[in-house]
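Visitor: File coords22.pdb below, PDB, C-alpha atoms:
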MODEL        1
ATOM      1  CA  MET A1056     -69.975  35.625 198.257
ATOM      2  CA  THR A1057     -66.410  35.990 196.991
ATOM      3  CA  PRO A1058     -66.204  35.632 193.212
ATOM      4  CA  PHE A1059     -63.790  32.983 191.957
ATOM      5  CA  ILE A1060     -60.952  34.442 189.976
ATOM      6  CA  LYS A1061     -59.174  32.680 187.131
ATOM      7  CA  LYS A1062     -55.406  32.373 186.966
ATOM      8  CA  LYS A1063     -55.276  34.690 183.919
ATOM      9  CA  GLU A1064     -57.204  37.414 185.763
ATOM     10  CA  ILE A1065     -54.833  37.567 188.751
ATOM     11  CA  LYS A1066     -52.852  40.801 188.842
ATOM     12  CA  LYS A1067     -49.799  40.747 191.090
ATOM     13  CA  ASP A1068     -48.573  44.080 192.434
ATOM     14  CA  TRP A1069     -45.212  44.897 193.991
ATOM     15  CA  TYR A1070     -44.935  46.626 197.370
ATOM     16  CA  LEU A1071     -41.884  48.190 199.010
ATOM     17  CA  ILE A1072     -41.602  48.360 202.810
ATOM     18  CA  ASN A1073     -38.830  50.086 204.749
ATOM     19  CA  ALA A1074     -38.245  47.931 207.850
ATOM     20  CA  GLU A1075     -36.155  50.495 209.723
ATOM     21  CA  ASN A1076     -37.152  50.415 213.437
ATOM     22  CA  ALA A1077     -40.174  48.219 212.616
ATOM     23  CA  ALA A1078     -41.494  45.688 215.129
ATOM     24  CA  VAL A1079     -40.802  42.199 213.751
ATOM     25  CA  GLY A1080     -44.128  40.588 214.633
ATOM     26  CA  ARG A1081     -46.278  43.417 213.319
ATOM     27  CA  LEU A1082     -44.268  43.614 210.120
ATOM     28  CA  ALA A1083     -44.435  39.842 209.603
ATOM     29  CA  ALA A1084     -48.203  39.801 210.161
ATOM     30  CA  PHE A1085     -48.718  42.545 207.581
ATOM     31  CA  ILE A1086     -46.386  40.889 205.050
ATOM     32  CA  SER A1087     -48.047  37.478 205.421
ATOM     33  CA  LYS A1088     -51.437  39.083 204.785
ATOM     34  CA  VAL A1089     -50.166  40.684 201.553
ATOM     35  CA  LEU A1090     -48.380  37.507 200.397
ATOM     36  CA  ARG A1091     -51.583  35.483 200.784
ATOM     37  CA  GLY A1092     -53.714  38.146 199.104
ATOM     38  CA  LYS A1093     -55.981  38.753 202.092
ATOM     39  CA  ASN A1094     -55.817  42.487 201.422
ATOM     40  CA  LYS A1095     -57.752  41.977 198.160
ATOM     41  CA  PRO A1096     -61.496  41.503 197.753
ATOM     42  CA  THR A1097     -60.842  38.480 195.505
ATOM     43  CA  PHE A1098     -59.117  36.431 198.240
ATOM     44  CA  ASN A1099     -59.524  32.672 198.055
ATOM     45  CA  PRO A1100     -57.531  30.465 200.428
ATOM     46  CA  HIS A1101     -56.668  27.874 197.762
ATOM     47  CA  ILE A1102     -55.440  30.327 195.078
ATOM     48  CA  ASP A1103     -52.119  32.178 195.018
ATOM     49  CA  ASN A1104     -53.625  35.653 194.731
ATOM     50  CA  GLY A1105     -50.994  37.511 196.759
ATOM     51  CA  ASP A1106     -48.562  40.245 195.795
ATOM     52  CA  PHE A1107     -44.778  40.576 195.840
ATOM     53  CA  VAL A1108     -43.215  42.302 198.853
ATOM     54  CA  VAL A1109     -39.762  43.913 198.856
ATOM     55  CA  VAL A1110     -38.411  44.686 202.339
ATOM     56  CA  THR A1111     -35.395  46.979 202.718
ATOM     57  CA  ASN A1112     -33.248  47.970 205.732
ATOM     58  CA  ILE A1113     -33.832  44.600 207.374
ATOM     59  CA  ASP A1114     -30.635  45.029 209.402
ATOM     60  CA  LYS A1115     -32.360  47.817 211.410
ATOM     61  CA  ILE A1116     -35.381  45.760 212.487
ATOM     62  CA  LYS A1117     -36.338  45.760 216.203
ATOM     63  CA  PHE A1118     -37.915  43.486 218.797
ATOM     64  CA  THR A1119     -40.015  44.599 221.749
ATOM     65  CA  GLY A1120     -39.031  43.674 225.281
ATOM     66  CA  LYS A1121     -36.333  41.049 225.828
ATOM     67  CA  LYS A1122     -37.207  39.017 222.728
ATOM     68  CA  PHE A1123     -33.982  39.914 220.921
ATOM     69  CA  LYS A1124     -31.943  37.925 223.463
ATOM     70  CA  GLU A1125     -34.463  35.459 224.891
ATOM     71  CA  LYS A1126     -36.624  34.338 221.919
ATOM     72  CA  LYS A1127     -35.619  30.907 220.631
ATOM     73  CA  TYR A1128     -35.998  29.379 217.188
ATOM     74  CA  TYR A1129     -36.046  25.576 217.243
ATOM     75  CA  ARG A1130     -35.268  23.175 214.424
ATOM     76  CA  HIS A1131     -34.587  19.453 214.377
ATOM     77  CA  THR A1132     -31.995  17.601 212.319
ATOM     78  CA  GLY A1133     -34.056  14.420 212.206
ATOM     79  CA  HIS A1134     -31.586  12.438 214.306
ATOM     80  CA  PRO A1135     -32.159  11.470 217.960
ATOM     81  CA  GLY A1136     -31.206  14.381 220.199
ATOM     82  CA  GLY A1137     -30.783  16.620 217.153
ATOM     83  CA  ILE A1138     -32.707  19.678 218.346
ATOM     84  CA  LYS A1139     -30.935  22.941 217.550
ATOM     85  CA  THR A1140     -31.773  26.358 218.928
ATOM     86  CA  SER A1141     -30.839  29.856 217.884
ATOM     87  CA  THR A1142     -31.812  33.349 218.973
ATOM     88  CA  PRO A1143     -32.332  36.545 216.950
ATOM     89  CA  GLU A1144     -29.133  37.856 218.539
ATOM     90  CA  SER A1145     -27.094  34.887 217.260
ATOM     91  CA  LEU A1146     -28.655  35.175 213.785
ATOM     92  CA  LYS A1147     -27.740  38.872 213.644
ATOM     93  CA  GLU A1148     -24.153  38.073 214.644
ATOM     94  CA  LYS A1149     -23.962  35.635 211.716
ATOM     95  CA  ASN A1150     -25.314  38.356 209.349
ATOM     96  CA  LYS A1151     -28.540  36.404 208.825
ATOM     97  CA  THR A1152     -30.954  39.186 209.750
ATOM     98  CA  SER A1153     -33.106  38.313 206.755
ATOM     99  CA  GLU A1154     -33.722  34.886 208.323
ATOM    100  CA  ILE A1155     -35.353  36.530 211.358
ATOM    101  CA  LEU A1156     -38.118  38.086 209.264
ATOM    102  CA  LYS A1157     -38.358  35.111 206.912
ATOM    103  CA  LEU A1158     -38.938  32.728 209.838
ATOM    104  CA  ALA A1159     -41.578  35.031 211.325
ATOM    105  CA  VAL A1160     -43.455  35.324 208.026
ATOM    106  CA  LYS A1161     -43.112  31.606 207.238
ATOM    107  CA  ARG A1162     -44.683  30.671 210.564
ATOM    108  CA  MET A1163     -47.615  33.019 209.959
ATOM    109  CA  LEU A1164     -48.466  31.350 206.648
ATOM    110  CA  PRO A1165     -50.421  28.089 206.623
ATOM    111  CA  GLY A1166     -48.345  24.961 206.031
ATOM    112  CA  GLY A1167     -48.211  23.311 202.634
ATOM    113  CA  PRO A1168     -47.007  23.749 199.073
ATOM    114  CA  LEU A1169     -49.037  26.924 198.469
ATOM    115  CA  ALA A1170     -47.395  28.670 201.434
ATOM    116  CA  LYS A1171     -43.933  27.756 200.136
ATOM    117  CA  LYS A1172     -44.843  29.286 196.778
ATOM    118  CA  GLN A1173     -46.196  32.428 198.462
ATOM    119  CA  LEU A1174     -43.029  32.784 200.562
ATOM    120  CA  THR A1175     -40.916  32.987 197.387
ATOM    121  CA  LYS A1176     -42.631  36.324 196.638
ATOM    122  CA  LEU A1177     -40.918  37.883 199.681
ATOM    123  CA  LYS A1178     -37.696  39.707 198.772
ATOM    124  CA  ILE A1179     -35.508  40.864 201.684
ATOM    125  CA  TYR A1180     -32.502  43.230 201.464
ATOM    126  CA  ASN A1181     -30.115  44.593 204.117
ATOM    127  CA  GLY A1182     -29.605  48.104 202.779
ATOM    128  CA  GLU A1183     -31.713  50.731 201.102
ATOM    129  CA  ASN A1184     -30.990  49.422 197.579
ATOM    130  CA  HIS A1185     -32.815  46.600 195.819
ATOM    131  CA  PRO A1186     -32.835  45.275 192.221
ATOM    132  CA  HIS A1187     -36.618  45.567 191.751
ATOM    133  CA  GLU A1188     -36.878  49.196 190.610
ATOM    134  CA  ILE A1189     -38.058  48.096 187.163
ATOM    135  CA  GLN A1190     -41.234  46.583 188.699
ATOM    136  CA  LYS A1191     -42.092  50.033 190.145
ATOM    137  CA  PRO A1192     -43.110  48.833 193.618
ATOM    138  CA  LYS A1193     -45.669  50.897 195.515
ATOM    139  CA  THR A1194     -44.181  52.211 198.756
ATOM    140  CA  ILE A1195     -46.071  51.324 201.913
ATOM    141  CA  ASP A1196     -45.446  53.659 204.832
ATOM    142  CA  PHE A1197     -45.568  51.041 207.580
ATOM    143  CA  GLU A1198     -45.115  53.646 210.318
ATOM    144  CA  LYS A1199     -48.306  55.502 209.379
ATOM    145  CA  LYS A1200     -50.478  52.360 209.524
ATOM    146  CA  ASN A1201     -50.197  52.284 213.323
ATOM    147  CA  LYS A1202     -47.996  54.204 215.746
ATOM    148  CA  ARG A1203     -46.973  50.951 217.486
ATOM    149  CA  ASN A1204     -45.468  49.523 214.290
ATOM    150  CA  ILE A1205     -42.279  51.488 214.872
ATOM    151  CA  ILE A1206     -40.099  51.067 217.975
ATOM    152  CA  LYS A1207     -38.233  54.218 218.952
TER     153      LYS A1207
ENDMDL
END
Please lay out the structure from this file as structure tokens.
Guide:
Amino acid sequence: MTPFIKKKEIKKDWYLINAENAAVGRLAAFISKVLRGKNKPTFNPHIDNGDFVVVTNIDKIKFTGKKFKEKKYYRHTGHPGGIKTSTPESLKEKNKTSEILKLAVKRMLPGGPLAKKQLTKLKIYNGENHPHEIQKPKTIDFEKKNKRNIIK
């Protein structure tokens, strides 16, 4: 049985992931697991037990197959006939590469207010630099977790 943990006992760590040449889906699945706290033995689905994740080099992220051009993201304005579509290619042209990963992670989290709170712990940056050095994030070598995580 999983022991219940009190809010005062929750310790939030910081992790740093270099997304250079990383597969989007695999990276998003790993990040969503860390944001929810499923990598900890004290996981409870109704408690925000997850950690902070800092992702760098998001502009060098990769898709497998033809997904970069053919994958579609749908959203609706709320008006009749107001469906809008975009592709990862169009988002990259608009310099919104962080939205690609954010959408992937958001859709892997369960819906609701807790998921919105957990998504705020995801910090995404285009280059190598980030303003979270003072938190001393632990570096996760995403490539060494599985050879398929990186697309050559």
Visitor: Selected by the PyMOL selection byres ((chain A and resi 1162) around 12) in the shown coordinates: which residues, as a short mmCIF file (atom, residue, chain, number, x, y, z; two decimals) with C-alpha atoms, keeping the file's coordinate frame?
Guide:
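The new file expr.cif reads:
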data_model
loop_
_atom_site.label_atom_id
_atom_site.label_comp_id
_atom_site.auth_asym_id
_atom_site.auth_seq_id
_atom_site.Cartn_x
_atom_site.Cartn_y
_atom_site.Cartn_z
CA GLY A 1080 -44.13 40.59 214.63
CA ALA A 1083 -44.44 39.84 209.60
CA ALA A 1084 -48.20 39.80 210.16
CA ILE A 1086 -46.39 40.89 205.05
CA SER A 1087 -48.05 37.48 205.42
CA TYR A 1128 -36.00 29.38 217.19
CA GLU A 1154 -33.72 34.89 208.32
CA ILE A 1155 -35.35 36.53 211.36
CA LEU A 1156 -38.12 38.09 209.26
CA LYS A 1157 -38.36 35.11 206.91
CA LEU A 1158 -38.94 32.73 209.84
CA ALA A 1159 -41.58 35.03 211.32
CA VAL A 1160 -43.46 35.32 208.03
CA LYS A 1161 -43.11 31.61 207.24
CA MET A 1163 -47.62 33.02 209.96
CA LEU A 1164 -48.47 31.35 206.65
CA PRO A 1165 -50.42 28.09 206.62
CA GLY A 1166 -48.34 24.96 206.03
CA GLY A 1167 -48.21 23.31 202.63
CA ALA A 1170 -47.40 28.67 201.43
CA LYS A 1171 -43.93 27.76 200.14
CA LEU A 1174 -43.03 32.78 200.56
#
Visitor: Nearest to Val1079 of chain A among A:Ile1195, A:Lys1172, A:Ile1206, A:Thr1142, with distances taken over only C-alpha atoms: which residue is it?
Guide: A:Ile1206
Visitor: Could you give me, as an mmCIF file with C-alpha atoms, in the coordinates of the input, the residues that sit within 8 Å of (-33.9, 31.0, 216.2) in the file's coordinates, counting all atoms listed in the file?
Guide:
data_model
loop_
_atom_site.group_PDB
_atom_site.id
_atom_site.type_symbol
_atom_site.label_atom_id
_atom_site.label_comp_id
_atom_site.auth_asym_id
_atom_site.auth_seq_id
_atom_site.Cartn_x
_atom_site.Cartn_y
_atom_site.Cartn_z
ATOM 1 C CA LYS A 1126 -36.624 34.338 221.919
ATOM 2 C CA LYS A 1127 -35.619 30.907 220.631
ATOM 3 C CA TYR A 1128 -35.998 29.379 217.188
ATOM 4 C CA TYR A 1129 -36.046 25.576 217.243
ATOM 5 C CA THR A 1140 -31.773 26.358 218.928
ATOM 6 C CA SER A 1141 -30.839 29.856 217.884
ATOM 7 C CA THR A 1142 -31.812 33.349 218.973
ATOM 8 C CA PRO A 1143 -32.332 36.545 216.950
ATOM 9 C CA SER A 1145 -27.094 34.887 217.260
ATOM 10 C CA LEU A 1146 -28.655 35.175 213.785
ATOM 11 C CA ILE A 1155 -35.353 36.530 211.358
#
Visitor: With distances taken over all atoms listed in the file, which of A:Ala1078, A:Glu1148, A:Gly1137, A:His1101 is nearest to Lys1122 of chain A?
Guide: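 Comparing A:Ala1078, A:Glu1148, A:Gly1137, A:His1101 against Lys1122 of chain A, the winner is A:Ala1078.
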Visitor: Compile the contact shell of Arg1203 of chain A as a CSV table (one decimal) with C-alpha atoms, in the frame of the given file: residues with an atom at most 12 Å away, counting all atoms listed in the file, same-chain residues fewer than 4 positions apart removed.
Guide:
chain,number,residue,atom,x,y,z
A,1076,ASN,CA,-37.2,50.4,213.4
A,1077,ALA,CA,-40.2,48.2,212.6
A,1078,ALA,CA,-41.5,45.7,215.1
A,1079,VAL,CA,-40.8,42.2,213.8
A,1080,GLY,CA,-44.1,40.6,214.6
A,1081,ARG,CA,-46.3,43.4,213.3
A,1082,LEU,CA,-44.3,43.6,210.1
A,1117,LYS,CA,-36.3,45.8,216.2
A,1118,PHE,CA,-37.9,43.5,218.8
A,1119,THR,CA,-40.0,44.6,221.7
A,1197,PHE,CA,-45.6,51.0,207.6
A,1198,GLU,CA,-45.1,53.6,210.3
A,1199,LYS,CA,-48.3,55.5,209.4
A,1207,LYS,CA,-38.2,54.2,219.0
Visitor: Near Asp1068 of chain A, counting only C-alpha atoms, which residues have an atom at most 10 Å away, once you skip same-chain residues fewer than 6 positions from it, shown as an mmCIF file with C-alpha atoms, keeping the file's coordinate frame?
Guide:
data_model
loop_
_atom_site.group_PDB
_atom_site.id
_atom_site.type_symbol
_atom_site.label_atom_id
_atom_site.label_comp_id
_atom_site.auth_asym_id
_atom_site.auth_seq_id
_atom_site.Cartn_x
_atom_site.Cartn_y
_atom_site.Cartn_z
ATOM 1 C CA VAL A 1089 -50.166 40.684 201.553
ATOM 2 C CA GLY A 1105 -50.994 37.511 196.759
ATOM 3 C CA ASP A 1106 -48.562 40.245 195.795
ATOM 4 C CA PHE A 1107 -44.778 40.576 195.840
ATOM 5 C CA VAL A 1108 -43.215 42.302 198.853
ATOM 6 C CA GLN A 1190 -41.234 46.583 188.699
ATOM 7 C CA LYS A 1191 -42.092 50.033 190.145
ATOM 8 C CA PRO A 1192 -43.110 48.833 193.618
ATOM 9 C CA LYS A 1193 -45.669 50.897 195.515
#
Visitor: List as a short mmCIF file (atom, residue, chain, number, x, y, z; two decimals) with C-alpha atoms, in the frame of the given file the protein and nucleic acid residues near segment 1061-1065 of chain A, meaning an atom at most 12 Å away when all atoms listed in the file are counted, but skip any in the same chain fewer than 4 places from it.
Guide:
data_model
loop_
_atom_site.label_atom_id
_atom_site.label_comp_id
_atom_site.auth_asym_id
_atom_site.auth_seq_id
_atom_site.Cartn_x
_atom_site.Cartn_y
_atom_site.Cartn_z
CA GLY A 1092 -53.71 38.15 199.10
CA LYS A 1095 -57.75 41.98 198.16
CA PRO A 1096 -61.50 41.50 197.75
CA THR A 1097 -60.84 38.48 195.50
CA PHE A 1098 -59.12 36.43 198.24
CA ASN A 1099 -59.52 32.67 198.06
CA HIS A 1101 -56.67 27.87 197.76
CA ILE A 1102 -55.44 30.33 195.08
CA ASP A 1103 -52.12 32.18 195.02
CA ASN A 1104 -53.62 35.65 194.73
CA GLY A 1105 -50.99 37.51 196.76
CA ASP A 1106 -48.56 40.24 195.80
#
Visitor: List, as a list in words, every residue that the PyMOL selection byres ((chain A and resi 1183) around 7) selects in the file provided.
Guide: Thr1111, Asn1112, Gly1182, Asn1184 and His1185 of chain A
Visitor: Save the residues we just selected, C-alpha atoms, as a PDB file, in the coordinates of the input?
Guide:
ATOM      1  CA  THR A1111     -35.395  46.979 202.718  1.00  0.00           C
ATOM      2  CA  ASN A1112     -33.248  47.970 205.732  1.00  0.00           C
ATOM      3  CA  GLY A1182     -29.605  48.104 202.779  1.00  0.00           C
ATOM      4  CA  ASN A1184     -30.990  49.422 197.579  1.00  0.00           C
ATOM      5  CA  HIS A1185     -32.815  46.600 195.819  1.00  0.00           C
TER       6      HIS A1185
END
Visitor: Determine the nearest neighbour of Tyr1180 of chain A from the options A:His1131, A:Lys1093, A:Lys1066, A:Lys1151, counting all atoms listed in the file.
Guide: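 Residue with the minimum atom-to-atom distance to Tyr1180 of chain A: A:Lys1151.
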